[in-house]
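Only one structure is covered here, and it is reproduced in the block below.
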Amino acid sequence: MNKQLGFYVDAKRCIGCFTCAMACKNQYHQEPGVVWRQVYPLKQDIYPHAERAFYSLACNHCEHPTCLEVCPVDAYTKRDKDGVVVHHQDLCIGCGNCIRSCPFGAPRYNPVLKRAEKCSLCWQRLDAGLDPACVKSCPTSALMLIDLATFDTPDAVQFPPGFPRAPALNPSTRFRQAELPRTVMREDVR
Amino acid sequence: MSQRMTRQDLERILDNAVSRRSFLSGLLAGGAMAALPCGLLRPHPAQAAQVWEGGYQTFRNACPRNCYDTCSIVSYVKDGVLQFVEGAPESTFTRGGLCVKGNSYVRQVYSPDRIKYPMEQQGRGSGRWKRLSWDEAMDKIARKILDIKERDGSLLGLGLTKYSGNFGITNYGVEGMMSSLGYTTRLVGTPCWPAGIDAQNFDMGSMWCNDPEDLPRARYVIVWGANPAWCSVHSMKYLYAAREAGAKLVVIDPVFTQTAAKADEYIQVRAGEDGALGLGMARHILDLGLLDRDWLAAHAQGFEEFAAYLRDTVTLEWASEKSGVPIERIKAIAEEFAGAHPATIWIGYGMQRHVNGGAAVRILDALVAMTGNIGKPGGGARYGHLQTWGFNYHALLQKQPEGSKGWIGTAGPKGEFDVTGSAGKVTYSDRSLNINKTAQMILETSDPPIRMLWVACKNVLSQDFDRRKMLMAFDKLEMVVVADLFFNQTVEQADIVLPVTTPFEDWTVNASYWHYWLSLNEQAIAPLHEAKSDIQIAAALSKRMNELQPGSCTFATELDSKDWMIREFNKGIYDMFGLTSWEDLRNGPRKARLASSASWADGVFGTPSKKYEFHSDLCARNGHDALPRYKDARPPYDKLRLLTPHHKFALHSQFQNLDWMVDFNLTPCVYMHPKTAAARGIAEGDAVRVFNKQGEVRLAARLTADVPADTLLLYEAWYKGLAFNCQELVDDTSSDMGAYKTGAPGVAIHDQFADVART
Amino acid sequence: MIQSMELPLVVFTVLSQLAIGLALMDVLRTTGIWSVSPPALRRQWLVASAVMALGLLVSLTHLGNPLGAPRAITHLSTAWLSREVLLFGLLVILMGATALKGASRPLVWMSASVGLAGLVVQGMVYSPPAFPALNNAVPFALFLITAATLGAAAATWFAPAEGQPVLKTTLVSALCAGLILVLVVPCVWASGGTVMRETAAAYAASPLYWLYAVLGLALPLAVVLRLRRIPSWVPLVILAGAICGRIVFYLDTVHTASNLGGLY
């Protein structure tokens with residue numbers, strides 16, 4: 001298999017601290033309201049405690065990216081060398097098609113430039129031998145950069161509950177699910 | 001997406017009058033657009049270049065906030081503009097990453113909301129601000145100070161309240177500035193952790209925790225009333241490592257926190273009854289003989305008396321009834337804790353924010369001590385330390401002018417960072433008042449009253465208790481001067497505001513009260529606008545004071561911040577960190593060379609007996625129990641308990657006001673159990689008011705079983721543009737301990753009560 | 001995911017579907033059921049072309065950077081949107097040519113065929129998997145209904161009395177089909193996954209959806225059945241309803257990203 005970079009989202013280690021989300025803002029200074037990496041709390045029918053388990057999601061750098069396919073001006077490319085899906089904002093005409101079409105909501109609309117934009121896996125940092133900003137910043141190593149060609153963590157899944165199932169796109173993100181502690185609640189108040 | 005900013009862009013932006021829109025447009029224009037007045041909104045030719053281009057200049061900085069982690073920062077600068085920040089890779093604690101707040105620093109530095117120049121409010125609270133030059137501002141302030149001196153014959157009418165907004169060592173120059181003017185009134189103490197500090201001082205002679213990086217060596221970890229997943233994110237990796245090595249992680253807390261979700265076991269305890277739970281565990285450990293008798297014989301005093309108390313007074317039934325924890329679990333956890341070697345308890349600051357907080361810490365200390373876990377790597381009663389704070393305090397230690405008159409009475413001001421020692425033989429001193437009752441102090445102090453208040457590194461109206469009373473107190477003040485970054489709730493009530501620098505704009509040095517790393521803080525960029533650091537403000541004031549009345553202020557009238565940073569270093573610091581010069585820190589933060597990762601490893605304590613004191617006469621002499629006996633919780637004064645802990649998105653009133661943070665956290669909410677809500681007809685998302693004898697707060701309701709049915713939970717933070725302030729609901733009732741070591745007792749912040757109703 | 005009404009797309013799709021509907025109805029004329037004088041025919045097709053052109057022009061305002069619009073046909077290999085831009089670009093030219101060349105049978109049939117193909121392509125553009133409720137033939141069906149109802153109704157402005165019966169029959173059929181679709185489809189959604197169910201709830205709770213059902217479908221149907229003809233104001237009411245319905249289509253169809261973290 002060719003090198004395909006992606007994110008490993010370890011919800012077991014993740015504490016939902018949003019460091020990764022802000023690391024991206026720190027690196028790229030997006031407009032207020034434009035968020036490339038968001039940290040989504042899992043709802044209570046997936047994890048029984050509200051706002052205590054999370055998936056940190058940006059772009060999934062799919063094998064068959066919808067954004068790339070539906071873009072009328074061919075403003076996306078998928079790099080051969082590592083599978084990173086790069087958005088070329090200078091070509092973008094701001095039609096919003098990628099924004100509507102990506103099931104994961106990765107592309108966002110920049111209201112000042114009036115173009116789409118999204119996580120491009122910090123490809124310039126990658127090319128300089130550095131980790132993506134979000135991965136570097138994670139205090140618990142819950143967000144990792146992986147190469148699907150060599151990644152073989154046994155309990156990792158591609159479509160955990162809470163993540164849209166889109167096998168045709170073949171997203172490159174992998175997940176480990178959050179765990180629950182034994183809980184001992186007070187006897188004096190129920 | 002934005003292109004990187006050039007220095008020219010920045011200068012052009014800052015010179016323009018200012019909509020936020022134009023600031024943003026300016027940010028993006030790069031070199032492509034000619035400057036237009038007022039920055040019209042135009043479509044921009046996107047230069048698709050992303051920000052990361054390499055070739056940055058790097059600097060060493062540190063986060064000086066009130067946080068366990070005190071991160072070592074690497075700042076990336078290009079053309080004199082801060083582009084982004086990262087964690088220093090050299091520190092094993094920071095390990096290359098910051099937190100959600102640290103990562104928003106660039107936005108704090110370049111926020112369009114930053115106060116740019118000194119301003120005077122035309123009518124306190126009016127929002128009508130008039131720009132002053134620094135000369136004008138210093139002149140007004142200096143004249144007021146001289147006026148006070150003239151009227152009262154002393155400067156006791158000038159008060160300072162300062163605390164944890166900035167823990168840079170040279171920021172103690174604010175206290176130094178006060179001293180250099182004369183004997184003044186100081187709000188002393190700390191709202192944060194004083195009860196526990198006293199408790200650990202009574203038990204062991206000092207507050208001194210293990211190196212947190214030795215947590216992976218623990219076989220059993222109890223995180224008790226602390227939430228490191230929110231408040232010390234860098235410590236989480238050590239907790240995980242301990243678990244991976246086979247340790248059990250237990251979280252004991254009144255609510256199911258984020259840390260609880262990562263534990264092996266979460267135990268819900270009734271808030272304020274941690275002492276009862278701890279005593280129940282101790283009684284069981286005693287009954288089963290799971291003590292370290294050898295250690296107790298060699299290194300402790302008074303244990304037999306404590307054991308007798310346990311046998312006579314403490315039962316598991318009582319402990320269970322008080323704490324709400326099932327007897328079976330109390331026994332199981334006690335046995336597991338006592339059977340693991342080493343075992344450790346992380347005693348949280350939230351745990352001691354009760355009227356019986358100090359007593360509770362003594363009990364938890366006792367649990368760790370009686371099982372022989374003090375002085376062991378991976379063990380310990382972890383609370384905090386000040387081992388790495390042995391600087392010169394050159395900025396702090398200034399002399400009063402000749403002939404200054406002041407307070408006749410006990411020795412001068414303290415605070416837990418006090419390194420001046422007891423004042424000894426002085427005739428005069430500063431007047432010390434309890435910082436945790438600031439409003440009350442201002443209202444009732446006379447002879448002379450507090451006429452003028454200087455506020456630095458603190459956001460009084462956001463963070464101090466009994467807000468309603470505080471507003472009344474401010475009405476009494478003749479002049480309020482605030483040194484700050486933003487027009488926050490305190491600045492709203494100020495007469496004069498002075499713009500300060502962020503850590504990136506001036507030199508200082510930083511230590512931590514949790515880990516053992518030392519960080520240099522270089523000046524990475526020039527100060528923005530007309531901002532000055534606290535010591536530069538002091539110099540400016542001194543200059544004007546001496547022009548008006550020669551000799552009225554001994555503070556240097558000109559100073560080089562870098563020079564003053566260098567002056568903080570001494571041989572002790574160099575030896576502790578293995579430095580030949582402060583310049584070594586330019587290559588990265590350094591860790592103290594520790595004989596052992598464990599505090600008290602040699603078993604020689606700092607108590608009068610040199611032993612661990614279960615029985616502490618010093619404690620008794622300070623008005624408490626000599627033994628770690630149970631102390632009653634505060635009786636409720638309303639229907640539900642109200643907890644107001646820290647939010648992960650803010651550090652007190654900092655960072656939440658930035659628009660970057662608003663992208664991830666929009667509005668304040670109150671969390672309650674579905675039963676509590678149902679009984680009041682409240683549905684998820686409803687607008688509600690939380691109210692008690694102090695005041696009320698209006699916000700949205702969130703329902704969760706993570707909060708017990710007798711409790712309301714809301715987080716303290718300052719949201720820009722929102723009137724929300726949880727201090728409307730918090731009174732200034734003291735915690736039991738704190739006066740001994742920090743000058744004033746703490747506050748029972750989590751012993752508040754309230755009710756809630758739909759609006 | 002923050003969704004908007006996408007008014008430029010609302011106007012573009014409704015107007016272009018009106019124009020296509022007119023073209024489709026004119027096929028009926030070429031079968032000889034009625035005839036129209038050449039100047040009137042020319043006017044009719046010029047109006048249709050103008051409506052199409054207006055729709056295309058308005059669609060430009062949807063773009064953040066409209067100057068780049070010509071490049072939108074770059075990605076024909078995979079992008080339905082590129083194909084739509086190309087097809088509709090050709091269509092407006094074709095319709096103009098049909099107007100100027102006397103609306104001959106071949107030209108009319110070509111315009112209608114390309115128009116029908118256009119509806120299919122439009123259906124593909126607006127049915128990505130990111131909108132589970134619409135990731136099927138429903139968009140195409142809705143667009144076809146819009147074209148048929150608007151086309152049949154508006155055609156009566158240009159057709160003489162002989163044309164009324166067949167146009168009336170066409171309109172009634174299309175309105176009935178539309179009503180069935182509008183009522184049944186959300187019910188089907190209501191038994192689907194989370195996002196489909198949320199879409200059903202959003203549509204049902206939307207006043208604009210019911211306004212579409214009434215103004216765009218039920219009311220015209222009742223009037224036409226009662227009067228046995230199509231009064232000249234009916235096309236305008238159908239248009240108003242169609243716009244309401246199209247706003248709901250863009251605003252209230254729930255995107256999968258809005259449920260991230262929840263069970264699908």
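Every chain in the structure tokens takes a letter, A first, then B, and so on in the order presented; its residues are numbered from 1, and the ligands are numbered from 1 following the presented order.
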Non-local contacts of Thr31 in chain C (12 Å; only C-alpha atoms; under 3 positions in same chain excluded) as number ranges by chain:
C: 24-28, 34-35, 104-106, 108-109, 163, 166
Write the selection just made, keeping C-alpha atoms, as a short mmCIF file (atom, residue, chain, number, x, y, z; two decimals), in the first residue's frame?
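Output contents, as saved in result26.cif:
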data_model
loop_
_atom_site.label_atom_id
_atom_site.label_comp_id
_atom_site.auth_asym_id
_atom_site.auth_seq_id
_atom_site.Cartn_x
_atom_site.Cartn_y
_atom_site.Cartn_z
CA LEU C 24 -40.63 20.75 -22.23
CA MET C 25 -44.15 22.11 -22.67
CA ASP C 26 -43.26 23.49 -26.05
CA VAL C 27 -42.55 19.94 -27.17
CA LEU C 28 -46.28 19.36 -26.77
CA TRP C 34 -51.90 24.00 -30.72
CA SER C 35 -50.01 26.55 -32.73
CA SER C 104 -38.27 24.73 -35.16
CA ARG C 105 -39.13 21.23 -34.05
CA PRO C 106 -35.55 19.95 -33.99
CA VAL C 108 -37.24 22.65 -29.54
CA TRP C 109 -36.66 18.93 -29.05
CA GLY C 163 -53.46 24.33 -25.67
CA VAL C 166 -53.40 19.40 -22.35
#
Only residues of chain B matter here; which ones have an atom within 7 Å of chain A, counting only C-alpha atoms? Give them as number ranges by chain.
B: 1-2, 43-44, 46-48, 51-52, 84, 96-100, 103-104, 106, 229-230, 233-234, 236-237, 258, 261-269, 324-326, 648, 659-660, 663, 704, 706, 709
Go ahead and write the selection's residues with N, CA and C atoms as a compact mmCIF listing (two decimals), in the first residue's frame.
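Dumped to part.txt:
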# COMPACT_ATOMS: atom_id res chain seq x y z
N MET B 1 -7.62 31.89 4.11
CA MET B 1 -6.81 31.81 5.33
C MET B 1 -5.85 32.96 5.33
N SER B 2 -5.33 33.26 6.47
CA SER B 2 -4.53 34.48 6.54
C SER B 2 -3.11 34.21 6.13
N PRO B 43 -12.91 42.05 -1.57
CA PRO B 43 -12.43 40.69 -1.86
C PRO B 43 -10.94 40.75 -2.09
N HIS B 44 -10.26 39.78 -1.56
CA HIS B 44 -8.81 39.80 -1.66
C HIS B 44 -8.33 38.75 -2.64
N ALA B 46 -6.50 35.85 -3.16
CA ALA B 46 -5.93 34.97 -2.14
C ALA B 46 -4.52 34.60 -2.53
N GLN B 47 -3.60 34.89 -1.65
CA GLN B 47 -2.28 34.31 -1.87
C GLN B 47 -2.30 32.99 -1.13
N ALA B 48 -2.28 31.92 -1.89
CA ALA B 48 -2.53 30.62 -1.28
C ALA B 48 -1.39 30.16 -0.40
N VAL B 51 0.80 29.58 6.23
CA VAL B 51 1.62 30.37 7.13
C VAL B 51 2.99 29.75 7.36
N TRP B 52 3.05 28.40 7.45
CA TRP B 52 4.34 27.85 7.84
C TRP B 52 5.33 27.93 6.69
N PHE B 84 3.54 32.35 15.81
CA PHE B 84 2.87 31.28 16.54
C PHE B 84 3.76 30.84 17.69
N GLY B 96 6.77 19.95 24.33
CA GLY B 96 6.46 20.40 22.97
C GLY B 96 5.07 20.98 22.76
N GLY B 97 4.18 20.90 23.75
CA GLY B 97 2.83 21.41 23.52
C GLY B 97 2.32 22.24 24.69
N LEU B 98 1.40 23.14 24.41
CA LEU B 98 0.86 24.00 25.46
C LEU B 98 -0.52 23.48 25.84
N CYS B 99 -1.51 24.36 25.87
CA CYS B 99 -2.89 23.95 26.14
C CYS B 99 -3.78 24.86 25.29
N VAL B 100 -5.08 24.70 25.42
CA VAL B 100 -5.98 25.51 24.59
C VAL B 100 -5.78 27.00 24.88
N ASN B 103 -2.18 28.15 23.51
CA ASN B 103 -2.19 28.22 22.05
C ASN B 103 -2.96 29.42 21.52
N SER B 104 -3.62 30.15 22.41
CA SER B 104 -4.33 31.35 21.95
C SER B 104 -3.53 32.61 22.24
N VAL B 106 -1.12 34.17 20.71
CA VAL B 106 -0.93 35.12 19.62
C VAL B 106 -2.14 36.05 19.52
N ALA B 229 -7.21 16.89 34.27
CA ALA B 229 -7.58 16.84 32.85
C ALA B 229 -7.97 18.21 32.35
N TRP B 230 -8.39 19.09 33.23
CA TRP B 230 -8.69 20.46 32.85
C TRP B 230 -7.62 21.44 33.32
N VAL B 233 -3.08 19.72 32.27
CA VAL B 233 -3.17 18.72 31.20
C VAL B 233 -1.86 17.98 31.00
N HIS B 234 -0.74 18.65 31.31
CA HIS B 234 0.56 17.99 31.10
C HIS B 234 0.82 16.90 32.12
N MET B 236 -1.40 14.69 32.91
CA MET B 236 -2.20 13.51 32.57
C MET B 236 -1.34 12.39 32.01
N LYS B 237 -0.31 12.75 31.25
CA LYS B 237 0.51 11.67 30.66
C LYS B 237 1.19 10.83 31.72
N GLN B 258 -13.75 15.46 34.14
CA GLN B 258 -13.06 14.87 33.00
C GLN B 258 -12.00 13.88 33.47
N ALA B 261 -13.44 10.54 34.27
CA ALA B 261 -13.74 9.70 33.11
C ALA B 261 -12.53 8.88 32.67
N LYS B 262 -11.34 9.31 33.09
CA LYS B 262 -10.12 8.61 32.66
C LYS B 262 -9.57 7.67 33.73
N ALA B 263 -10.29 7.58 34.83
CA ALA B 263 -9.79 6.80 35.95
C ALA B 263 -10.24 5.35 35.86
N ASP B 264 -9.68 4.53 36.74
CA ASP B 264 -10.19 3.18 36.89
C ASP B 264 -11.49 3.20 37.68
N GLU B 265 -11.50 4.06 38.70
CA GLU B 265 -12.68 4.13 39.55
C GLU B 265 -12.94 5.58 39.94
N TYR B 266 -14.22 5.96 39.86
CA TYR B 266 -14.62 7.29 40.31
C TYR B 266 -15.54 7.13 41.51
N ILE B 267 -15.21 7.88 42.56
CA ILE B 267 -16.02 7.84 43.77
C ILE B 267 -16.60 9.23 44.01
N GLN B 268 -17.91 9.29 44.04
CA GLN B 268 -18.59 10.56 44.27
C GLN B 268 -18.66 10.78 45.78
N VAL B 269 -18.17 11.92 46.22
CA VAL B 269 -18.14 12.21 47.65
C VAL B 269 -18.97 13.47 47.88
N GLY B 324 -21.37 9.95 52.08
CA GLY B 324 -22.22 9.39 51.04
C GLY B 324 -21.59 8.22 50.31
N VAL B 325 -20.38 7.84 50.70
CA VAL B 325 -19.70 6.73 50.03
C VAL B 325 -20.07 5.42 50.71
N PRO B 326 -20.45 4.40 49.96
CA PRO B 326 -20.81 3.11 50.57
C PRO B 326 -19.68 2.53 51.41
N LYS B 648 -12.10 24.66 31.65
CA LYS B 648 -10.91 24.31 30.87
C LYS B 648 -10.56 25.37 29.84
N ASP B 659 -11.74 36.08 20.90
CA ASP B 659 -12.70 35.50 19.96
C ASP B 659 -12.28 34.10 19.52
N TRP B 660 -10.98 33.81 19.52
CA TRP B 660 -10.56 32.44 19.20
C TRP B 660 -11.16 31.45 20.18
N ASP B 663 -14.87 30.67 19.70
CA ASP B 663 -15.14 29.66 18.67
C ASP B 663 -15.35 28.28 19.27
N THR B 704 -27.31 17.09 33.50
CA THR B 704 -26.38 15.98 33.49
C THR B 704 -26.40 15.28 34.83
N ASP B 706 -23.90 13.87 35.95
CA ASP B 706 -22.54 13.97 36.47
C ASP B 706 -22.47 14.89 37.67
N ALA B 709 -27.77 15.36 42.61
CA ALA B 709 -29.06 16.03 42.61
C ALA B 709 -29.17 17.15 43.63
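Here CA of Asn2 in chain A and CA of Ala149 in chain A stand 6.2 Å from one another.
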Could you list, as a short mmCIF file (atom, residue, chain, number, x, y, z; two decimals) with C-alpha atoms, in the first residue's frame, every residue of chain C that has an atom within 8 Å of an atom of chain A, counting only C-alpha atoms?
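Saved file part-v4.cif follows:
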data_model
loop_
_atom_site.label_atom_id
_atom_site.label_comp_id
_atom_site.auth_asym_id
_atom_site.auth_seq_id
_atom_site.Cartn_x
_atom_site.Cartn_y
_atom_site.Cartn_z
CA MET C 1 -22.66 22.92 10.11
CA HIS C 62 -23.48 32.62 -5.04
CA LEU C 63 -19.80 32.46 -5.81
CA GLY C 64 -17.30 34.01 -3.45
CA ASN C 65 -15.08 34.86 -6.38
CA PRO C 66 -17.34 35.11 -9.43
CA LEU C 67 -14.54 36.19 -11.75
CA GLY C 68 -13.33 32.62 -11.58
CA ALA C 69 -16.67 31.28 -12.83
CA ARG C 71 -13.05 27.96 -14.80
CA ALA C 72 -15.98 26.08 -13.30
CA ILE C 73 -16.10 23.74 -16.29
CA THR C 74 -12.56 22.55 -15.58
CA HIS C 75 -13.42 19.38 -13.76
CA LEU C 76 -15.86 17.56 -16.04
CA THR C 78 -15.67 13.91 -11.82
CA ALA C 79 -17.56 17.06 -10.85
CA TRP C 80 -21.30 17.12 -11.52
CA LEU C 81 -21.15 20.85 -10.89
CA SER C 82 -18.76 21.32 -13.80
CA PRO C 128 -24.27 14.27 -2.14
CA PRO C 129 -24.03 11.59 0.60
CA ALA C 130 -23.47 14.42 3.08
CA PHE C 131 -27.24 14.99 2.94
CA HIS C 255 -26.04 17.68 6.91
CA THR C 256 -24.27 14.67 8.43
CA ALA C 257 -21.63 16.94 9.96
CA ASN C 259 -24.55 15.14 14.02
CA LEU C 260 -20.84 14.50 14.61
CA GLY C 261 -20.49 12.87 17.99
CA GLY C 262 -24.01 11.44 17.84
CA LEU C 263 -25.34 8.09 16.74
CA TYR C 264 -26.08 7.90 13.05
#
Shell of 7 Å around Asp147 in chain A, only C-alpha atoms, local chain residues under 5 positions omitted, as an MDAnalysis selection string
chainID A and resid 3:6
Please give the complete set of residues from range 27-110 of chain A that DSSP, run on the backbone, assigns to alpha helix (DSSP H), formatted as an NGL selection string.
:A and (27-28 or 66-70 or 97-101)
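Residues in contact with Thr501 in chain B at up to 6 Å, not including ones fewer than 2 positions away on its chain and judged by only C-alpha atoms, are Glu505, Ala531, Lys532 and Ser533 of chain B.
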